[in-house]
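Encoded as structure tokens, the structure appears first; notes follow it.
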Amino acid sequence: MAAAAVAGWIWLWGWGWRCPGRSGLRGPGPGPTILLLFLLLLGPVAADITDGNSEHLKREHSLIKPYHGIGSSSTLLWDFQGSTMLTSQYVRLTPDERSKEGSIWNHLPCFLKDWEMHVHFKVHGAGKKNLHGDGIALWYTRDRLVPGPVFGSKDNFHGLAIFLDTYPNDETTERVFPYISVMVNNGSLSYDHSKDGRWTELAGCTADFRNRDHDTFLAVRYSRGRLTVMTDLEDKNEWKNCIDITGVRLPTGYYFGASAGTGDLSDNHDIISMKLFQLMVEHTPDEESIDWTKIEPSVNFLKSPKDNVDDPTGNFRSGPLTGWRVFLLLLCALLGIIVCAVVGAVVFQKRQERNKRFY
């Protein structure tokens with residue numbers, strides 16, 4: 001218990017003292033003080049993590065070499081479709097060819113409330129500069145094996161998507177690609193490729209993962225409403241912060257998957273492994289009494305996705321006023337009143353002085 005508490009405390013102030021399944025991998029250490037204070041204001045976070053022991057690795061939801069249980073009727077754990085090709089070293093979702101789509105999906109729904117997925121992947125191809133595309137999507141969704149326009153999978157999905165986008169479709173964007181973004185959807189939102197999903201993005205970061213000569217990794221952690229995405233792209237055996245969001249609500253009973261797509265431009269999109277770990281987190285009696293299979297995917301402090309049905313932009317961020325927004329508005333109004341009062345006093349004084357000159 002003491003060791004778990006210490007490990008949980010270290011995780012709270014960093015990414016953890018090592019990466020589950022990769023022994024000896026140190027975390028990045030404490031973040032900036034302002035960020036820590038901001039996270040504390042947002043609410044509590046999970047205090048316990050897996051240390052990579054086999055007891056926490058959920059093999060039924062993991063894709064590990066050698067790739068047993070794929071496409072086999074006797075031990076079916078993963079299904080694949082489209083251009084996906086299975087080799088002894090990787091699962092290639094798309095080859096470096098135009099107009100290809102492929103995906104691989106876990107056959108079993110996941111009923112863990114708190115989990116962490118580590119993805120070993122590789123995106124590479126012959127295209128130079130912006131002559132490559134489109135990218136990989138990682139999914140935790142209600143529906144599986146449904147092809148579509150969103151990186152090879154369906155649009156208007158229910159659940160969570162992490163997009164590893166390599167091509168900027170929006171020429172006016174200030175983003176630097178490749179770019180990782182997160183989207184939560186309850187089926188009412190559509191991913192806008194022409195804007196690179198900007199209107200429905202919750203958060204994102206630039207991540208130079210394409211055509212690397214070394215291994216590249218991504219970690220997605222979900223625990224007690226906190227969604228964290230980390231990257232290990234520099235071959236330094238340490239995680240780098242990418243995305244950290246609180247107030248995320250995801251149901252249990254959804255499926256993990258990965259997909260990729262190419263258009264006029266292309267790349268090889270490979271998945272080497274996907275390892276799911278159970279996080280040992282204690283929940284309150286109220287949380288335990290919830291039927292987690294019936295939760296609607298949503299994000300607190302933002303406009304609900306279902307409220308965007310008639311909004312052509314699908315912009316989450318135009319939701320109702322939160323406490324911080326009200327405070328800022330009141331502060332701006334107060335400052336405006338003070339400025340007006342000062343200006344009015346100066347004008348009044350000038351007029352008084354001018355009137356005295358006529359007497």
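By order in the structure tokens, chains are A, B, ...; within a chain, residues start at 1; ligands start at 1, following the order shown.
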Selection: 6 Å around range 161-176 of chain A, only C-alpha atoms, excl. self and same-chain fewer than 3 positions, as a list in words: Gly133, Asp134, Gly135, Ile136, Ala137, Leu138, Trp139, Tyr179, Ile180, Ser181, Val182, Met183, Ser194, Lys195 and Thr206 of chain A
With C-alpha atoms retained, export the selected residues as a compact mmCIF listing (two decimals), in the first residue's frame.
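Done, and the output landed in again-v4.txt:
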# COMPACT_ATOMS: atom_id res chain seq x y z
CA GLY A 133 -0.81 11.92 -45.72
CA ASP A 134 -3.16 11.51 -44.12
CA GLY A 135 -2.48 9.96 -40.71
CA ILE A 136 -3.62 7.51 -38.02
CA ALA A 137 -6.63 7.61 -35.70
CA LEU A 138 -6.82 5.77 -32.37
CA TRP A 139 -10.34 4.97 -31.22
CA TYR A 179 -0.30 17.34 -35.22
CA ILE A 180 -2.07 15.29 -32.52
CA SER A 181 -5.61 16.23 -31.46
CA VAL A 182 -8.41 14.82 -29.34
CA MET A 183 -12.14 14.69 -30.05
CA SER A 194 -11.03 20.65 -44.68
CA LYS A 195 -10.32 22.37 -41.33
CA THR A 206 2.58 19.45 -32.55
Met85 in chain A surroundings by only C-alpha atoms, 10 Å radius, close-in-sequence under 3 positions cut, as a PyMOL selection string: chain A and resi 80-82+90-95+102-104+270
Write the residues of the selection above to a file with N, CA and C atoms, as a CSV table (one decimal), in the first residue's frame.
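Result saved to part12.csv:
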chain,number,residue,atom,x,y,z
A,80,PHE,N,-9.6,-7.1,-38.6
A,80,PHE,CA,-9.0,-6.0,-39.4
A,80,PHE,C,-9.8,-6.0,-40.8
A,81,GLN,N,-9.7,-4.9,-41.4
A,81,GLN,CA,-10.4,-4.8,-42.7
A,81,GLN,C,-9.7,-3.8,-43.6
A,82,GLY,N,-10.2,-3.7,-44.8
A,82,GLY,CA,-9.6,-2.8,-45.8
A,82,GLY,C,-8.3,-3.2,-46.3
A,90,TYR,N,4.8,-6.0,-37.7
A,90,TYR,CA,3.9,-4.9,-37.6
A,90,TYR,C,2.6,-5.2,-38.3
A,91,VAL,N,1.6,-4.4,-37.9
A,91,VAL,CA,0.3,-4.4,-38.6
A,91,VAL,C,0.2,-3.1,-39.5
A,92,ARG,N,0.3,-3.3,-40.8
A,92,ARG,CA,0.3,-2.1,-41.7
A,92,ARG,C,-1.2,-1.8,-42.0
A,93,LEU,N,-1.6,-0.6,-41.6
A,93,LEU,CA,-3.0,-0.2,-41.8
A,93,LEU,C,-3.2,0.3,-43.3
A,94,THR,N,-2.2,1.0,-43.8
A,94,THR,CA,-2.2,1.4,-45.2
A,94,THR,C,-0.8,1.3,-45.7
A,95,PRO,N,-0.6,0.9,-47.0
A,95,PRO,CA,0.7,1.0,-47.6
A,95,PRO,C,0.9,2.4,-48.1
A,102,GLY,N,-7.6,1.4,-44.0
A,102,GLY,CA,-7.5,0.2,-43.3
A,102,GLY,C,-7.7,0.4,-41.8
A,103,SER,N,-8.1,-0.6,-41.1
A,103,SER,CA,-8.3,-0.5,-39.6
A,103,SER,C,-8.2,-1.9,-38.9
A,104,ILE,N,-7.9,-1.8,-37.6
A,104,ILE,CA,-7.9,-3.0,-36.8
A,104,ILE,C,-8.6,-2.7,-35.5
A,270,ASP,N,1.8,2.2,-39.7
A,270,ASP,CA,2.0,0.9,-39.0
A,270,ASP,C,1.7,0.9,-37.5
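Between CA of Leu76 in chain A and CA of Leu227 in chain A the interatomic distance comes to 29.1 Å.
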Polymer residues at most 8 Å from range 253-265 of chain A, only C-alpha atoms, same-chain spacing of 2 or more positions, as a PyMOL selection string: chain A and resi 61+93-94+97-111+127+131-144+150-153+159+251+267+269+293
Pick from A:Asp155, A:Asp96, A:Asp232, A:Glu116 nearest to Val220 in chain A, counting only C-alpha atoms: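 The shortest atom-to-atom distance to Val220 in chain A comes from A:Glu116.
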All residues 8 Å or closer to Arg210 in chain A, only C-alpha atoms, same chain fewer than 6 positions away omitted, as number ranges by chain: A: 122-124, 166, 178
A:Asp235, A:Gly344, A:Ile271, A:Ile338 ranked by distance to Leu86 in chain A, top pick (using only C-alpha atoms):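 Looking at the shortest contact to Leu86 in chain A, the residue is A:Ile271.
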Atomic distance CA of Thr246 in chain A - CA of Phe327 in chain A, expressed in Å with one decimal: 20.3 Å
Which of range 94-317 of chain A DSSP labels strand (DSSP E or B), written as a ChimeraX atom specification: /A:94,101-106,110,115-124,135-141,150,153,158-165,179-186,203-206,210,216-223,226-232,238,240-245,248-249,254-261,268-278,298-299
Residue nearest Ile70 in chain A - candidates A:Lys58, A:Thr84, A:Phe277, A:Asn186, atoms counted: only C-alpha atoms: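 Checking each candidate against Ile70 in chain A, we get A:Thr84 as the closest.
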